[in-house]
Structures are given as C-alpha cells and as structure tokens.
file query35.txt (compact mmCIF, C-alpha atoms)
# COMPACT_ATOMS: atom_id res chain seq x y z
CA MET A 268 194.59 177.50 94.70
CA ALA A 269 195.83 178.25 98.22
CA SER A 270 199.36 177.55 99.24
CA SER A 271 199.83 174.08 100.72
CA THR A 272 202.49 175.21 103.18
CA SER A 273 201.10 176.34 106.51
CA TYR A 274 202.93 178.97 108.48
CA SER A 275 202.55 177.84 112.11
CA ASN A 276 205.09 180.16 113.75
CA PRO A 277 205.12 183.85 112.98
CA PRO A 278 208.55 185.25 112.13
CA CYS A 279 210.53 186.85 114.95
CA ALA A 280 210.69 190.63 115.13
CA ALA A 281 214.16 190.63 113.57
CA CYS A 282 213.23 188.55 110.55
CA LYS A 283 210.05 190.53 110.08
CA PHE A 284 211.98 193.81 110.31
CA LEU A 285 214.70 192.58 107.97
CA ARG A 286 212.10 191.03 105.65
CA ARG A 287 213.59 187.60 105.58
CA LYS A 288 212.29 184.11 106.30
CA CYS A 289 212.62 183.11 109.95
CA LEU A 290 214.33 179.73 109.99
CA PRO A 291 214.07 177.30 112.93
CA GLY A 292 217.62 178.04 114.12
CA CYS A 293 217.25 181.82 113.94
CA ILE A 294 219.63 183.46 116.43
CA PHE A 295 217.21 186.37 116.99
CA ALA A 296 213.99 184.39 117.58
CA PRO A 297 214.38 183.63 121.32
CA TYR A 298 215.30 187.22 122.18
CA PHE A 299 213.22 189.33 119.80
CA PRO A 300 209.67 187.91 119.84
CA PRO A 301 207.17 189.16 117.25
CA GLU A 302 205.25 191.00 120.02
CA GLU A 303 208.21 193.35 120.63
CA PRO A 304 209.12 194.86 117.26
CA GLN A 305 210.27 198.17 118.79
CA LYS A 306 212.91 196.38 120.85
CA LEU A 307 214.65 195.16 117.71
CA ALA A 308 214.08 198.43 115.85
CA ASN A 309 215.92 200.35 118.61
CA VAL A 310 218.77 197.82 118.78
CA HIS A 311 219.09 197.76 114.98
CA LYS A 312 219.11 201.55 114.73
CA ILE A 313 221.95 201.89 117.27
CA PHE A 314 224.04 198.74 116.78
CA GLY A 315 222.91 197.21 113.48
CA ALA A 316 221.40 193.75 113.03
CA SER A 317 224.60 192.33 111.57
CA ASN A 318 226.67 193.39 114.59
CA VAL A 319 224.06 192.02 116.99
CA SER A 320 224.02 188.72 115.09
CA LYS A 321 227.84 188.49 115.31
CA LEU A 322 227.75 189.33 119.01
CA LEU A 323 225.10 186.69 119.77
CA ASN A 324 227.03 184.05 117.83
CA ASP A 325 230.27 184.89 119.68
CA ILE A 326 228.95 184.59 123.24
CA LEU A 327 227.79 181.56 125.18
CA PRO A 328 224.09 180.66 124.91
CA HIS A 329 223.39 181.21 128.62
CA GLN A 330 224.73 184.78 128.33
CA ARG A 331 222.72 185.79 125.29
CA GLU A 332 219.54 186.87 127.05
CA ASP A 333 221.45 189.21 129.36
CA ALA A 334 223.41 190.57 126.41
CA VAL A 335 220.22 191.28 124.44
CA ASN A 336 218.62 192.96 127.47
CA SER A 337 221.72 195.12 127.90
CA LEU A 338 221.75 196.04 124.21
CA ALA A 339 218.05 196.89 124.31
CA TYR A 340 218.51 199.06 127.41
CA GLU A 341 221.52 200.86 125.96
CA ALA A 342 219.77 201.37 122.61
CA GLU A 343 216.72 202.88 124.30
CA ALA A 344 218.92 205.10 126.45
CA ARG A 345 220.93 206.18 123.38
CA LEU A 346 217.75 207.14 121.57
CA LYS A 347 216.62 209.25 124.54
CA ASP A 348 220.07 210.76 125.14
CA PRO A 349 222.32 210.37 122.09
CA VAL A 350 225.38 211.83 123.80
CA TYR A 351 225.49 210.02 127.14
CA GLY A 352 223.10 207.08 126.75
CA CYS A 353 222.76 204.93 129.86
CA VAL A 354 225.79 206.64 131.44
CA GLY A 355 223.65 209.78 131.70
CA ALA A 356 220.94 207.82 133.52
CA ILE A 357 223.55 206.34 135.86
CA SER A 358 224.92 209.83 136.60
CA VAL A 359 221.45 211.11 137.45
CA LEU A 360 220.89 208.18 139.80
CA GLN A 361 224.28 208.68 141.45
CA ARG A 362 223.48 212.36 142.07
CA GLN A 363 220.14 211.31 143.59
CA VAL A 364 221.93 208.87 145.89
CA LEU A 365 224.39 211.59 146.99
CA HIS A 366 221.54 214.03 147.63
CA LEU A 367 219.59 211.46 149.63
CA GLN A 368 222.74 210.52 151.58
CA LYS A 369 223.26 214.18 152.54
CA GLU A 370 219.60 214.43 153.54
CA LEU A 371 219.94 211.28 155.66
CA ASP A 372 223.09 212.65 157.32
CA ALA A 373 221.30 215.92 158.13
CA THR A 374 218.33 214.03 159.57
CA ASN A 375 220.65 211.87 161.68
CA ALA A 376 222.38 215.02 162.95
CA ASP A 377 218.98 216.49 163.87
CA LEU A 378 218.12 213.27 165.63
CA MET A 379 221.36 213.37 167.59
CA ARG A 380 220.68 216.98 168.59
CA TYR A 381 217.17 215.99 169.64
CA THR A 382 218.35 213.05 171.76
CA GLY A 383 221.14 215.21 173.17
CA SER A 384 218.62 217.88 174.22
CA GLU A 385 216.43 215.20 175.80
CA THR A 386 219.38 214.02 177.88
CA SER A 387 220.03 217.62 178.89
CA TYR A 388 216.36 217.93 179.92
CA LEU A 389 216.63 214.79 182.07
CA ASN A 390 219.79 216.15 183.73
CA GLN A 391 217.97 219.42 184.51
CA MET A 392 215.05 217.49 185.99
CA SER A 393 217.46 215.39 188.06
CA ALA A 394 219.14 218.49 189.43
CA GLN A 395 215.77 220.13 190.17
CA PHE A 396 214.46 217.12 192.06
CA GLY A 397 217.77 216.80 193.91
CA ARG A 398 217.38 220.40 195.14
CA MET A 399 213.85 219.65 196.34
CA GLY A 400 215.24 217.50 199.16
CA ARG A 401 215.18 214.04 197.66
CA GLU A 402 217.71 211.98 199.52
CA GLU A 403 218.95 210.06 196.45
CA GLY A 404 219.91 213.23 194.65
CA SER A 405 219.04 211.77 191.26
CA PHE A 406 215.99 211.59 189.10
CA ASN A 407 214.40 208.14 188.93
CA LEU A 408 212.35 207.49 185.80
CA ASN A 409 210.26 204.95 187.74
CA SER A 410 209.50 207.34 190.61
CA GLY A 411 205.87 207.79 189.67
CA TYR A 412 206.20 211.19 188.03
CA PRO A 413 204.68 211.10 184.56
CA MET A 414 207.15 212.38 181.98
CA THR A 415 205.26 213.31 178.87
CA TYR A 416 206.66 215.40 176.12
CA SER A 417 205.59 215.99 172.58
CA SER A 418 207.73 215.21 169.60
CA GLN A 419 207.32 215.13 165.88
CA TRP A 420 207.47 211.31 165.89
CA ASN A 421 204.59 210.53 168.17
CA ASP A 422 201.18 212.11 168.51
CA ASP A 423 201.02 213.48 172.04
CA SER A 424 198.08 215.78 171.47
CA ASN A 425 196.86 214.91 174.99
CA SER A 426 200.12 215.91 176.70
CA PRO A 427 200.09 218.78 179.23
CA GLU A 428 202.25 220.90 176.93
CA ASN A 429 199.54 220.64 174.28
CA GLY A 430 196.63 221.51 176.57
CA GLY A 431 195.68 217.95 177.50
CA ASN A 432 195.60 216.37 180.96
CA GLY A 433 198.44 213.91 180.28
CA SER A 434 196.33 210.78 180.56
CA SER A 435 196.42 208.22 177.81
CA MET A 436 192.66 207.81 177.58
call {"tool": "encode", "arguments": {"input": "query35.txt", "output": "structure tokens"}}
result
Amino acid sequence: MASSTSYSNPPCAACKFLRRKCLPGCIFAPYFPPEEPQKLANVHKIFGASNVSKLLNDILPHQREDAVNSLAYEAEARLKDPVYGCVGAISVLQRQVLHLQKELDATNADLMRYTGSETSYLNQMSAQFGRMGREEGSFNLNSGYPMTYSSQWNDDSNSPENGGNGSSM
C-alpha cells in the first residue's frame, strides 16, 4: 500500500544535502532552493552548514538574503582561489581600474596635445592671412575660407589633404 502522506514541497538544497527532513520553518529553505544544490555544497564545504545556520539565526531576517549571497560568492571564490578568495578577484579588478585610468590619462594628454596643435595651426593661419594684407590682421573663422582637416575622430576622406575636393557631397 502506498504512503498516505503526500510530499507537496521538495526539500530545500540544504536539507537534501544534509539528508534530513525539510520542516516548514527551515532556515535554509528561502535561500537555498532545491534547483541550486551547488550553491549550498560550496557554502557547506567552505563554512559548514552548522556555522551558516548559526549565522542566519543571529542576523535580522531582512539581512539574510544578502548574507547568503555574500557567503555563496566568497565560497565560490575560495574554491577557485583557496589562498586569496574574493580578495584576489578584487585585487585583479583594482589593477584593471588603475591600468584603465592610466590609459585614460594618456589619451587625455594626447587629446590636449592635439587641441594644442590645432590652436597653433590657427595662429599660424592668422599670421599668414595678416601678412597677406588683410586689414583686420586676424583670421576670421567665418571669413568664407573652408577649413577642413582630417582627424582620427571624423571621416574626412573627401578633404583636400586626402585627395578629395573638400566638398561635403
């Protein structure tokens, strides 16, 4: 004869792993669902189920999910890198940030040099047009002279420097 008790809820990953009956008030059930058995296995291997149970009972209910996520992350990091754990991952990310910051600084310096050379070019043009007998003695950007130049940021393949006629069409 079949058992008359029906099992409507499957046991949580912790109770299944620990081979015990999952009671309705199980402290692990909300945080270790049966679909994620590896999450508990990692946490248990690093911290132990008893310690995790004590930790979850000692903290406030609204903090438990964050605590379990932190434990799971640290456990996974510890399994990948037993010596440094998540601190090793943080160090790698900090070095990446420093490298990218240096790259950004170098690019900004290049940009400043580029804009500085453009200003120098405009000053040379101003002096050249001043020598040509213009009464103002300065170069006017709205004077009707097309100023096209190529740069790495815009595609001026039709500029005179690149063999084009300088028109936009």
call {"tool": "atom_distance", "arguments": {"input": "query35.txt", "atom1": "CA of Gly352 (chain A)", "atom2": "CA of Pro297 (chain A)"}}
result
25.6 Å
call {"tool": "residues_around", "arguments": {"input": "query35.txt", "residues": "region 344-350 of chain A", "least_positions_apart": "4", "cutoff": "8 Å", "atoms": "all atoms listed in the file", "output": "PyMOL selection string"}}
result
chain A and resi 309+313+340+355-356
call {"tool": "residues_around", "arguments": {"input": "query35.txt", "residues": "region 321-332 of chain A", "least_positions_apart": "6", "cutoff": "9 Å", "atoms": "all atoms listed in the file", "output": "JSON, numbers by chain"}}
result
{"A": [294, 295, 297, 298]}
call {"tool": "write_last_selection", "arguments": {"input": "query35.txt", "atoms": "C-alpha atoms", "output": "PDB file, in the frame of the given file"}}
result
ATOM      1  CA  ILE A 294     219.630 183.460 116.430  1.00  0.00           C
ATOM      2  CA  PHE A 295     217.210 186.370 116.990  1.00  0.00           C
ATOM      3  CA  PRO A 297     214.380 183.630 121.320  1.00  0.00           C
ATOM      4  CA  TYR A 298     215.300 187.220 122.180  1.00  0.00           C
TER       5      TYR A 298
END
call {"tool": "atom_distance", "arguments": {"input": "query35.txt", "atom1": "CA of Ile357 (chain A)", "atom2": "CA of Ala281 (chain A)"}}
result
28.8 Å
call {"tool": "atom_distance", "arguments": {"input": "query35.txt", "atom1": "CA of Phe284 (chain A)", "atom2": "CA of Asn336 (chain A)"}}
result
18.4 Å
call {"tool": "residues_around", "arguments": {"input": "query35.txt", "residues": "Pro301 (chain A)", "least_positions_apart": "3", "cutoff": "8 Å", "atoms": "all atoms listed in the file", "output": "PyMOL selection string"}}
result
chain A and resi 277-280+283+304
call {"tool": "write_last_selection", "arguments": {"input": "query35.txt", "atoms": "C-alpha atoms", "output": "CSV table (one decimal), keeping the file's coordinate frame"}}
result
chain,number,residue,atom,x,y,z
A,277,PRO,CA,205.1,183.8,113.0
A,278,PRO,CA,208.6,185.2,112.1
A,279,CYS,CA,210.5,186.8,115.0
A,280,ALA,CA,210.7,190.6,115.1
A,283,LYS,CA,210.0,190.5,110.1
A,304,PRO,CA,209.1,194.9,117.3
call {"tool": "axis_aligned_box", "arguments": {"input": "query35.txt", "around": "region 362-377 of chain A", "padding_each_side": "5 Å", "output": "JSON"}}
result
{"center_x": 221.4, "center_y": 212.7, "center_z": 153.0, "size_x": 16.1, "size_y": 17.6, "size_z": 31.8}
call {"tool": "residues_near_point", "arguments": {"input": "query35.txt", "point": "(225.5, 194.3, 118.9)", "cutoff": "10 Å", "atoms": "all atoms listed in the file", "output": "PyMOL selection string"}}
result
chain A and resi 310-311+313-323+334-335+337-339+342
call {"tool": "residues_around", "arguments": {"input": "query35.txt", "residues": "Asn276 (chain A)", "least_positions_apart": "6", "cutoff": "12 Å", "atoms": "all atoms listed in the file", "output": "number ranges by chain"}}
result
A: 288-291, 296, 300-301
